[in-house]
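> So that you have it, the file is input_39.cif, and it contains mmCIF, C-alpha atoms:
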data_model
loop_
_atom_site.group_PDB
_atom_site.id
_atom_site.type_symbol
_atom_site.label_atom_id
_atom_site.label_comp_id
_atom_site.auth_asym_id
_atom_site.auth_seq_id
_atom_site.Cartn_x
_atom_site.Cartn_y
_atom_site.Cartn_z
ATOM 1 C CA MET D 270 -20.463 -4.083 -5.530
ATOM 2 C CA LYS D 271 -19.049 -2.773 -8.740
ATOM 3 C CA VAL D 272 -16.014 -0.961 -10.020
ATOM 4 C CA ALA D 273 -16.378 2.471 -11.598
ATOM 5 C CA VAL D 274 -13.830 4.262 -13.723
ATOM 6 C CA ILE D 275 -13.428 8.010 -14.151
ATOM 7 C CA GLY D 276 -11.113 9.472 -16.745
ATOM 8 C CA ASP D 277 -10.554 10.483 -20.327
ATOM 9 C CA PRO D 278 -11.673 8.106 -23.117
ATOM 10 C CA ASP D 279 -8.154 6.742 -23.693
ATOM 11 C CA PHE D 280 -7.846 5.818 -20.051
ATOM 12 C CA THR D 281 -11.274 4.231 -19.712
ATOM 13 C CA LEU D 282 -11.154 2.123 -22.879
ATOM 14 C CA GLY D 283 -8.969 -0.506 -21.260
ATOM 15 C CA PHE D 284 -11.380 -0.898 -18.377
ATOM 16 C CA ARG D 285 -14.252 -1.199 -20.817
ATOM 17 C CA LEU D 286 -12.410 -4.208 -22.237
ATOM 18 C CA VAL D 287 -12.732 -5.946 -18.872
ATOM 19 C CA GLY D 288 -16.471 -5.436 -18.942
ATOM 20 C CA ILE D 289 -16.819 -2.501 -16.592
ATOM 21 C CA ARG D 290 -19.934 -0.571 -17.518
ATOM 22 C CA ASP D 291 -19.837 2.223 -14.952
ATOM 23 C CA VAL D 292 -17.490 4.381 -16.902
ATOM 24 C CA TYR D 293 -17.548 8.158 -16.596
ATOM 25 C CA GLU D 294 -15.829 9.740 -19.525
ATOM 26 C CA VAL D 295 -14.740 13.263 -18.759
ATOM 27 C CA GLY D 296 -13.250 15.869 -21.032
ATOM 28 C CA ASN D 297 -12.659 18.792 -18.700
ATOM 29 C CA ASP D 298 -12.371 19.625 -15.020
ATOM 30 C CA GLU D 299 -16.040 20.534 -14.509
ATOM 31 C CA GLU D 300 -17.142 17.200 -15.881
ATOM 32 C CA LEU D 301 -14.600 15.500 -13.665
ATOM 33 C CA VAL D 302 -15.973 17.098 -10.487
ATOM 34 C CA GLU D 303 -19.499 16.285 -11.610
ATOM 35 C CA ALA D 304 -18.579 12.627 -12.233
ATOM 36 C CA VAL D 305 -16.911 12.288 -8.835
ATOM 37 C CA ARG D 306 -19.976 13.738 -7.124
ATOM 38 C CA ASN D 307 -22.189 11.307 -9.016
ATOM 39 C CA VAL D 308 -20.069 8.360 -7.979
ATOM 40 C CA LEU D 309 -20.084 9.436 -4.347
ATOM 41 C CA ASP D 310 -23.882 9.411 -4.390
ATOM 42 C CA ARG D 311 -24.131 5.899 -5.773
ATOM 43 C CA LYS D 312 -24.650 2.996 -3.446
ATOM 44 C CA ASP D 313 -23.546 0.115 -5.672
ATOM 45 C CA VAL D 314 -20.036 1.324 -6.451
ATOM 46 C CA GLY D 315 -17.340 0.013 -4.115
ATOM 47 C CA VAL D 316 -14.122 0.945 -5.854
ATOM 48 C CA VAL D 317 -13.452 3.896 -8.119
ATOM 49 C CA VAL D 318 -10.461 3.892 -10.414
ATOM 50 C CA ILE D 319 -9.132 7.312 -11.286
ATOM 51 C CA LYS D 320 -5.916 8.709 -12.670
ATOM 52 C CA TYR D 321 -3.687 10.307 -10.093
ATOM 53 C CA GLU D 322 -3.476 13.550 -12.083
ATOM 54 C CA ASP D 323 -7.248 13.742 -12.163
ATOM 55 C CA LEU D 324 -7.467 13.139 -8.439
ATOM 56 C CA ARG D 325 -5.067 15.993 -7.878
ATOM 57 C CA LYS D 326 -7.302 18.348 -9.851
ATOM 58 C CA LEU D 327 -10.281 17.914 -7.528
ATOM 59 C CA PRO D 328 -11.129 20.694 -5.073
ATOM 60 C CA PRO D 329 -9.835 20.089 -1.515
ATOM 61 C CA VAL D 330 -13.323 19.726 -0.031
ATOM 62 C CA LEU D 331 -14.097 16.862 -2.370
ATOM 63 C CA ARG D 332 -10.735 15.237 -1.761
ATOM 64 C CA ARG D 333 -11.324 15.292 1.963
ATOM 65 C CA GLU D 334 -14.695 13.671 1.483
ATOM 66 C CA ILE D 335 -13.076 10.964 -0.640
ATOM 67 C CA ASP D 336 -10.484 10.344 2.067
ATOM 68 C CA GLU D 337 -13.080 10.024 4.777
ATOM 69 C CA ARG D 338 -15.432 7.655 2.979
ATOM 70 C CA VAL D 339 -15.030 3.892 3.164
ATOM 71 C CA GLU D 340 -17.475 3.194 0.340
ATOM 72 C CA PRO D 341 -16.540 3.941 -2.359
ATOM 73 C CA THR D 342 -12.786 3.623 -2.063
ATOM 74 C CA PHE D 343 -10.792 5.602 -4.591
ATOM 75 C CA VAL D 344 -7.720 4.056 -6.173
ATOM 76 C CA ALA D 345 -5.326 6.368 -7.968
ATOM 77 C CA VAL D 346 -3.314 4.775 -10.755
ATOM 78 C CA GLY D 347 -0.524 6.060 -12.928
ATOM 79 C CA GLY D 348 2.680 7.714 -11.839
ATOM 80 C CA VAL D 349 4.357 7.575 -8.466
ATOM 81 C CA GLY D 350 2.260 10.376 -6.971
ATOM 82 C CA ALA D 351 -0.013 8.149 -4.889
ATOM 83 C CA VAL D 352 2.921 6.314 -3.344
ATOM 84 C CA GLU D 353 4.728 9.572 -2.627
ATOM 85 C CA GLU D 354 1.652 10.930 -0.917
ATOM 86 C CA LEU D 355 1.395 7.878 1.285
ATOM 87 C CA ARG D 356 5.064 8.089 2.075
ATOM 88 C CA ASP D 357 4.651 11.683 3.140
ATOM 89 C CA LYS D 358 1.807 10.665 5.403
ATOM 90 C CA ILE D 359 3.930 7.986 7.051
ATOM 91 C CA ARG D 360 6.675 10.498 7.617
ATOM 92 C CA ARG D 361 4.247 12.879 9.254
ATOM 93 C CA ALA D 362 2.492 10.305 11.415
ATOM 94 C CA LEU D 363 5.451 8.277 12.618
ATOM 95 C CA GLY D 364 8.310 10.697 12.211
ATOM 96 C CA VAL D 365 10.377 8.167 10.266
ATOM 97 C CA ASP D 366 10.370 7.208 6.630
ATOM 98 C CA LEU D 367 9.528 3.522 6.734
ATOM 99 C CA TRP D 368 8.736 3.322 3.039
ATOM 100 C CA LYS D 369 11.940 2.269 1.404
ATOM 101 C CA MET H 206 0.618 29.218 33.383
ATOM 102 C CA ALA H 207 -2.593 31.144 32.910
ATOM 103 C CA SER H 208 -4.899 28.407 34.132
ATOM 104 C CA THR H 209 -2.984 28.195 37.411
ATOM 105 C CA PHE H 210 -4.507 31.342 38.821
ATOM 106 C CA LYS H 211 -8.049 31.035 37.603
ATOM 107 C CA VAL H 212 -9.125 28.532 40.252
ATOM 108 C CA GLN H 213 -10.292 29.294 43.737
ATOM 109 C CA PRO H 214 -7.746 27.927 46.212
ATOM 110 C CA THR H 215 -10.161 25.759 48.184
ATOM 111 C CA ARG H 216 -9.910 22.220 49.438
ATOM 112 C CA MET H 217 -12.892 21.149 47.326
ATOM 113 C CA GLU H 218 -11.195 22.429 44.198
ATOM 114 C CA LEU H 219 -8.043 20.554 45.113
ATOM 115 C CA ILE H 220 -9.910 17.270 45.572
ATOM 116 C CA LYS H 221 -11.668 17.709 42.236
ATOM 117 C CA LEU H 222 -8.408 18.508 40.523
ATOM 118 C CA ARG H 223 -6.662 15.475 41.973
ATOM 119 C CA ARG H 224 -9.464 13.302 40.679
ATOM 120 C CA ARG H 225 -9.110 14.812 37.217
ATOM 121 C CA ILE H 226 -5.357 14.267 37.226
ATOM 122 C CA LYS H 227 -5.873 10.604 38.071
ATOM 123 C CA MET H 228 -8.396 10.276 35.254
ATOM 124 C CA ALA H 229 -6.148 12.035 32.758
ATOM 125 C CA LYS H 230 -3.252 9.781 33.674
ATOM 126 C CA ARG H 231 -5.344 6.682 33.151
ATOM 127 C CA GLY H 232 -6.544 8.004 29.789
ATOM 128 C CA TYR H 233 -2.985 8.808 28.859
ATOM 129 C CA GLU H 234 -1.833 5.251 29.598
ATOM 130 C CA LEU H 235 -4.697 3.808 27.553
ATOM 131 C CA LEU H 236 -4.084 6.101 24.605
ATOM 132 C CA LYS H 237 -0.411 5.259 24.673
ATOM 133 C CA MET H 238 -1.255 1.584 24.457
ATOM 134 C CA LYS H 239 -3.674 2.272 21.627
ATOM 135 C CA ARG H 240 -1.019 4.194 19.745
ATOM 136 C CA ASP H 241 1.517 1.413 20.148
ATOM 137 C CA SER H 242 -0.822 -1.292 18.971
ATOM 138 C CA LEU H 243 -1.920 0.814 15.988
ATOM 139 C CA ILE H 244 1.697 1.204 14.997
ATOM 140 C CA THR H 245 2.247 -2.567 15.325
ATOM 141 C CA GLU H 246 -0.764 -3.179 13.129
ATOM 142 C CA PHE H 247 0.522 -0.661 10.624
ATOM 143 C CA ARG H 248 3.985 -2.193 10.458
ATOM 144 C CA ASN H 249 2.495 -5.603 9.796
ATOM 145 C CA LEU H 250 0.618 -4.218 6.827
ATOM 146 C CA LEU H 251 3.345 -2.023 5.439
ATOM 147 C CA GLU H 252 5.378 -4.711 3.674
ATOM 148 C CA ASP H 253 2.283 -6.108 1.968
ATOM 149 C CA ALA H 254 1.166 -2.646 0.978
ATOM 150 C CA LYS H 255 4.505 -1.878 -0.624
ATOM 151 C CA ARG H 256 4.506 -5.077 -2.612
ATOM 152 C CA ILE H 257 0.903 -4.820 -3.767
ATOM 153 C CA MET H 258 1.129 -1.183 -4.759
ATOM 154 C CA GLY H 259 4.341 -1.853 -6.629
ATOM 155 C CA THR H 260 2.790 -4.678 -8.639
ATOM 156 C CA MET H 261 -0.248 -2.591 -9.407
ATOM 157 C CA ALA H 262 1.880 0.208 -10.870
ATOM 158 C CA GLU H 263 3.796 -2.294 -12.992
ATOM 159 C CA LYS H 264 0.622 -3.898 -14.250
ATOM 160 C CA TYR H 265 -0.802 -0.513 -15.135
ATOM 161 C CA GLU H 266 2.193 0.339 -17.289
ATOM 162 C CA LYS H 267 2.083 -3.064 -18.952
ATOM 163 C CA ALA H 268 -1.640 -2.908 -19.628
ATOM 164 C CA MET H 269 -1.413 0.568 -21.139
ATOM 165 C CA GLN H 270 1.390 -0.571 -23.461
ATOM 166 C CA LYS H 271 -0.545 -3.627 -24.581
ATOM 167 C CA LEU H 272 -3.630 -1.551 -25.205
ATOM 168 C CA ALA H 273 -1.683 0.987 -27.226
ATOM 169 C CA LEU H 274 -0.261 -1.838 -29.302
ATOM 170 C CA ALA H 275 -3.685 -3.374 -29.883
ATOM 171 C CA ILE H 276 -5.101 0.000 -30.939
ATOM 172 C CA ALA H 277 -2.160 0.683 -33.218
ATOM 173 C CA VAL H 278 -2.355 -2.635 -35.017
ATOM 174 C CA ASP H 279 -6.057 -3.494 -35.026
ATOM 175 C CA GLY H 280 -7.514 -0.019 -35.047
ATOM 176 C CA ILE H 281 -9.497 1.791 -32.379
ATOM 177 C CA ILE H 282 -12.858 0.755 -33.824
ATOM 178 C CA THR H 283 -12.134 -2.952 -33.439
ATOM 179 C CA VAL H 284 -11.006 -2.474 -29.853
ATOM 180 C CA ARG H 285 -14.052 -0.386 -29.043
ATOM 181 C CA SER H 286 -16.438 -2.892 -30.527
ATOM 182 C CA ILE H 287 -14.845 -5.672 -28.488
ATOM 183 C CA ALA H 288 -15.171 -3.526 -25.402
ATOM 184 C CA LEU H 289 -18.882 -3.256 -26.129
ATOM 185 C CA SER H 290 -19.224 -7.028 -26.457
ATOM 186 C CA ARG H 291 -17.956 -7.722 -22.946
ATOM 187 C CA GLN H 292 -20.841 -8.654 -20.693
ATOM 188 C CA CYS H 293 -19.820 -9.771 -17.261
ATOM 189 C CA GLU H 294 -18.783 -6.964 -15.041
ATOM 190 C CA PRO H 295 -16.233 -7.680 -12.315
ATOM 191 C CA THR H 296 -18.102 -7.701 -9.020
ATOM 192 C CA PHE H 297 -17.028 -8.094 -5.434
ATOM 193 C CA VAL H 298 -18.384 -7.969 -1.929
ATOM 194 C CA MET H 299 -17.273 -5.287 0.436
ATOM 195 C CA HIS H 300 -17.276 -5.643 4.204
ATOM 196 C CA ARG H 301 -16.240 -3.272 6.883
ATOM 197 C CA LYS H 302 -13.668 -4.301 9.428
ATOM 198 C CA ASN H 303 -12.921 -2.491 12.637
ATOM 199 C CA ILE H 304 -9.294 -2.218 13.729
ATOM 200 C CA MET H 305 -9.338 -0.467 17.089
ATOM 201 C CA GLY H 306 -11.999 2.008 16.084
ATOM 202 C CA VAL H 307 -10.711 2.483 12.557
ATOM 203 C CA VAL H 308 -13.231 1.367 9.971
ATOM 204 C CA VAL H 309 -11.529 -0.231 6.978
ATOM 205 C CA PRO H 310 -12.908 -2.003 3.911
ATOM 206 C CA VAL H 311 -12.396 -5.699 3.227
ATOM 207 C CA ILE H 312 -12.900 -6.730 -0.381
ATOM 208 C CA LYS H 313 -13.800 -10.248 -1.400
ATOM 209 C CA ARG H 314 -13.949 -11.183 -5.046
ATOM 210 C CA GLU H 315 -17.064 -13.148 -5.938
ATOM 211 C CA GLU H 316 -15.831 -14.682 -9.147
ATOM 212 C CA LYS H 317 -12.465 -14.666 -10.718
ATOM 213 C CA ILE H 318 -11.780 -11.594 -12.782
ATOM 214 C CA ILE H 319 -9.041 -13.100 -14.893
ATOM 215 C CA LYS H 320 -10.729 -15.316 -17.419
ATOM 216 C CA CYS H 321 -9.558 -17.789 -19.975
ATOM 217 C CA CYS H 322 -9.867 -16.453 -23.521
ATOM 218 C CA ILE H 323 -12.756 -18.791 -24.453
ATOM 219 C CA GLU H 324 -14.737 -17.555 -21.477
ATOM 220 C CA ARG H 325 -14.737 -14.036 -22.856
ATOM 221 C CA GLU H 326 -17.761 -12.994 -24.839
ATOM 222 C CA TYR H 327 -16.109 -12.063 -28.114
ATOM 223 C CA GLY H 328 -15.201 -14.643 -30.715
ATOM 224 C CA VAL H 329 -11.728 -16.096 -30.790
ATOM 225 C CA ILE H 330 -11.507 -16.249 -34.558
ATOM 226 C CA GLY H 331 -12.467 -12.695 -35.354
ATOM 227 C CA THR H 332 -9.943 -11.124 -33.016
ATOM 228 C CA THR H 333 -6.198 -11.053 -32.713
ATOM 229 C CA ALA H 334 -3.839 -12.164 -29.992
ATOM 230 C CA ARG H 335 -2.876 -8.587 -29.281
ATOM 231 C CA ILE H 336 -6.392 -7.762 -28.193
ATOM 232 C CA ASP H 337 -6.493 -10.893 -26.079
ATOM 233 C CA GLU H 338 -3.297 -9.853 -24.402
ATOM 234 C CA ALA H 339 -4.552 -6.345 -23.771
ATOM 235 C CA VAL H 340 -7.759 -7.703 -22.255
ATOM 236 C CA ARG H 341 -5.835 -10.089 -20.085
ATOM 237 C CA ALA H 342 -3.473 -7.351 -18.925
ATOM 238 C CA PHE H 343 -6.415 -5.210 -17.922
ATOM 239 C CA GLU H 344 -8.097 -8.094 -16.119
ATOM 240 C CA GLU H 345 -4.933 -8.546 -14.101
ATOM 241 C CA LEU H 346 -4.825 -4.825 -13.470
ATOM 242 C CA VAL H 347 -8.391 -4.709 -12.141
ATOM 243 C CA ASP H 348 -7.622 -7.690 -9.965
ATOM 244 C CA SER H 349 -4.712 -5.917 -8.396
ATOM 245 C CA ILE H 350 -6.602 -2.631 -8.159
ATOM 246 C CA LEU H 351 -9.087 -4.365 -5.898
ATOM 247 C CA GLU H 352 -6.255 -5.574 -3.684
ATOM 248 C CA VAL H 353 -4.751 -2.093 -3.588
ATOM 249 C CA ALA H 354 -8.126 -0.560 -2.785
ATOM 250 C CA GLU H 355 -8.309 -2.635 0.351
ATOM 251 C CA ILE H 356 -4.782 -2.294 1.623
ATOM 252 C CA GLU H 357 -4.175 1.325 0.673
ATOM 253 C CA THR H 358 -7.306 2.527 2.409
ATOM 254 C CA THR H 359 -6.431 0.483 5.478
ATOM 255 C CA VAL H 360 -2.917 1.893 5.659
ATOM 256 C CA ARG H 361 -4.132 5.434 5.038
ATOM 257 C CA ARG H 362 -6.760 5.257 7.752
ATOM 258 C CA LEU H 363 -4.414 3.672 10.248
ATOM 259 C CA LEU H 364 -1.965 6.486 9.625
ATOM 260 C CA GLU H 365 -4.621 9.117 10.180
ATOM 261 C CA GLU H 366 -5.649 7.450 13.422
ATOM 262 C CA ILE H 367 -2.036 7.137 14.574
ATOM 263 C CA ASP H 368 -1.556 10.830 13.879
ATOM 264 C CA ARG H 369 -4.669 11.731 15.851
ATOM 265 C CA VAL H 370 -3.871 9.484 18.821
ATOM 266 C CA LYS H 371 -0.293 10.706 18.891
ATOM 267 C CA ARG H 372 -1.463 14.296 19.101
ATOM 268 C CA ARG H 373 -3.727 13.474 22.001
ATOM 269 C CA VAL H 374 -1.049 11.519 23.831
ATOM 270 C CA ASN H 375 1.401 14.384 23.439
ATOM 271 C CA ALA H 376 -1.163 16.968 24.481
ATOM 272 C CA LEU H 377 -1.924 15.011 27.633
ATOM 273 C CA GLU H 378 1.694 14.319 28.409
ATOM 274 C CA TYR H 379 3.191 17.733 27.818
ATOM 275 C CA ARG H 380 0.354 20.159 28.295
ATOM 276 C CA ILE H 381 -2.712 18.990 30.181
ATOM 277 C CA ILE H 382 -1.260 16.800 32.939
ATOM 278 C CA PRO H 383 1.618 19.179 33.824
ATOM 279 C CA GLY H 384 -0.833 22.093 33.802
ATOM 280 C CA MET H 385 -3.205 20.402 36.187
ATOM 281 C CA GLU H 386 -0.363 19.302 38.434
ATOM 282 C CA ALA H 387 0.935 22.866 38.599
ATOM 283 C CA THR H 388 -2.545 24.073 39.524
ATOM 284 C CA ALA H 389 -2.839 21.434 42.232
ATOM 285 C CA LYS H 390 0.524 22.456 43.604
ATOM 286 C CA PHE H 391 -0.538 26.094 43.568
ATOM 287 C CA ILE H 392 -3.719 25.322 45.496
ATOM 288 C CA SER H 393 -2.031 23.205 48.132
ATOM 289 C CA PHE H 394 0.648 25.858 48.589
ATOM 290 C CA LYS H 395 -1.997 28.551 48.942
ATOM 291 C CA LEU H 396 -3.904 26.461 51.458
ATOM 292 C CA GLU H 397 -0.781 25.942 53.554
ATOM 293 C CA GLU H 398 -0.049 29.649 53.358
ATOM 294 C CA MET H 399 -3.556 30.444 54.578
ATOM 295 C CA ASP H 400 -3.111 27.992 57.428
ATOM 296 C CA ARG H 401 0.091 29.675 58.493
ATOM 297 C CA GLU H 402 -1.499 33.109 58.273
ATOM 298 C CA ASN H 403 -4.284 31.915 60.472
ATOM 299 C CA ILE H 404 -1.913 30.593 63.091
ATOM 300 C CA ILE H 405 -0.017 33.883 63.177
ATOM 301 C CA ARG H 406 -3.260 35.810 63.457
ATOM 302 C CA LEU H 407 -4.398 33.655 66.362
ATOM 303 C CA LYS H 408 -1.053 34.083 68.096
ATOM 304 C CA LYS H 409 -1.225 37.859 67.694
ATOM 305 C CA LEU H 410 -4.765 37.941 69.055
ATOM 306 C CA LYS H 411 -3.677 35.809 71.973
ATOM 307 C CA GLY H 412 -0.794 38.203 72.640
ATOM 308 C CA LYS H 413 -3.089 41.246 72.578
ATOM 309 C CA LYS H 414 -5.496 39.501 74.926
ATOM 310 C CA ALA H 415 -2.636 38.670 77.316
ATOM 311 C CA LYS H 416 -1.453 42.312 77.301
ATOM 312 C CA ARG H 417 -4.927 43.619 78.048
ATOM 313 C CA ALA H 418 -5.447 41.261 80.925
#
Please re-express this file's structure in structure tokens.

Amino acid sequence: MKVAVIGDPDFTLGFRLVGIRDVYEVGNDEELVEAVRNVLDRKDVGVVVIKYEDLRKLPPVLRREIDERVEPTFVAVGGVGAVEELRDKIRRALGVDLWK
Amino acid sequence: MASTFKVQPTRMELIKLRRRIKMAKRGYELLKMKRDSLITEFRNLLEDAKRIMGTMAEKYEKAMQKLALAIAVDGIITVRSIALSRQCEPTFVMHRKNIMGVVVPVIKREEKIIKCCIEREYGVIGTTARIDEAVRAFEELVDSILEVAEIETTVRRLLEEIDRVKRRVNALEYRIIPGMEATAKFISFKLEEMDRENIIRLKKLKGKKAKRA
């Protein structure tokens, strides 16, 4: 299984340095959606790295699909948004804020 | 309750209803146990998740800084050309694990992602230490991204399952079981009432018969 990266050229360059070849460089939102769809169709990608801001831009239908899939798993990096989202989920599911 | 009056007040209906109540109560107990064990599982993971996600965020910041420095000093073209020279892609094996019906990924790294600088494909002489550092920072980042991928998905899915099970437990506890019990009570009351009516009717008939005779 491989790692794929989706994002703008500045973001992906670092991952290119590690040797990742499955890099989707996107300039605008349409390209972003297209890239995510492409990745979802691929069988050899296990983890997708994406910026949190980019993940937020995706349409809700696509986000739900991402949440439901086990392969590939999306990892959002950058900012505290991903952690906040998880924290919100904990609050909703358990009724207490365990993330401190 | 609306459902109370939709049923026919017969003995058969009452027996069926009692059976359903028993079933619902058993399901309720089971679901409650499932919910509790899911929460235990979740709490075990939570501390790890916090730590791993925290380190990942730190490493991301660090890696981006190092990269910016490398680009600023050595120029974007150098960095890009080194990126092109890298050959071995980080690979891993992904399994699926089942925690009480929740499918979660388990990631195993095949080979180490963090490499020593002579193992990398570009020459040591032609490049600077800044690039080496940037590469190393990103290798560490990818390593921790893989860890996060596993644990974050697990935590997220457990939470979704907990939410779902909790809803069902609450629905059974506060809505379905009380509703069915009320219906059962209604039927048994109605049956008793019909019994009493019957007795009165028979007594009246008996009285009429006695008068006539």
> Can you work out the spacing between CA of Glu266 (chain H) and CA of Asp348 (chain H) in Å, to one decimal?
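Going from CA of Glu266 (chain H) over to CA of Asp348 (chain H), I get 14.6 Å.
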> Hey, which bits of chain H sit within 7 Å of chain D, and for each residue what's the closest pair of atoms and how far apart in Å (one decimal), counting only C-alpha atoms, rows by chain and increasing number, as a Markdown table?

| residue | atom | partner | partner_atom | distance |
| --- | --- | --- | --- | --- |
| H:Ala262 | CA | D:Gly347 | CA | 6.7 |
| H:Tyr265 | CA | D:Gly347 | CA | 6.9 |
| H:Leu272 | CA | D:Gly283 | CA | 6.7 |
| H:Ile287 | CA | D:Leu286 | CA | 6.9 |
| H:Ala288 | CA | D:Leu286 | CA | 4.3 |
| H:Arg291 | CA | D:Gly288 | CA | 4.8 |
| H:Gln292 | CA | D:Gly288 | CA | 5.7 |
| H:Cys293 | CA | D:Gly288 | CA | 5.7 |
| H:Glu294 | CA | D:Gly288 | CA | 4.8 |
| H:Pro295 | CA | D:Lys271 | CA | 6.7 |
| H:Thr296 | CA | D:Lys271 | CA | 5.0 |
| H:Phe297 | CA | D:Met270 | CA | 5.3 |
| H:Val298 | CA | D:Met270 | CA | 5.7 |
| H:Met299 | CA | D:Met270 | CA | 6.9 |
| H:Val309 | CA | D:Val339 | CA | 6.6 |
| H:Pro310 | CA | D:Val339 | CA | 6.3 |
| H:Val340 | CA | D:Leu286 | CA | 5.8 |
| H:Phe343 | CA | D:Gly283 | CA | 6.3 |
| H:Glu344 | CA | D:Val287 | CA | 5.8 |
| H:Ala354 | CA | D:Val344 | CA | 5.7 |
| H:Leu364 | CA | D:Ala362 | CA | 6.1 |
| H:Ile367 | CA | D:Ala362 | CA | 6.4 |
| H:Asp368 | CA | D:Ala362 | CA | 4.8 |
> List the residues matched by the PyMOL selection byres ((chain D and resi 302) around 12) in the displayed structure as a ChimeraX atom specification, ordered by chain and then by residue number.
/D:275-276,293-301,303-309,319,323-332,335
> Can you pull out every residue within 8 Å of region 229-245 of chain H, counting all atoms listed in the file, but drop anything in the same chain fewer than 2 positions away, and send it as an MDAnalysis selection string?
chainID H and resid 225:227 247:249 305 363 367 370:371 373:374 377:378 382
> On this file, the PyMOL selection byres ((chain H and resi 341) around 9) gives some set of residues; write that set as a PyMOL selection string.
(chain D and resi 287) or (chain H and resi 268+319-322+336-340+342-346)
> Between H:Leu407, H:Arg417, H:Val353, H:Arg362, which has the minimum distance to Gly259 (chain H) (counting only C-alpha atoms)?
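Using only C-alpha atoms, Gly259 (chain H) sits closest to H:Val353.
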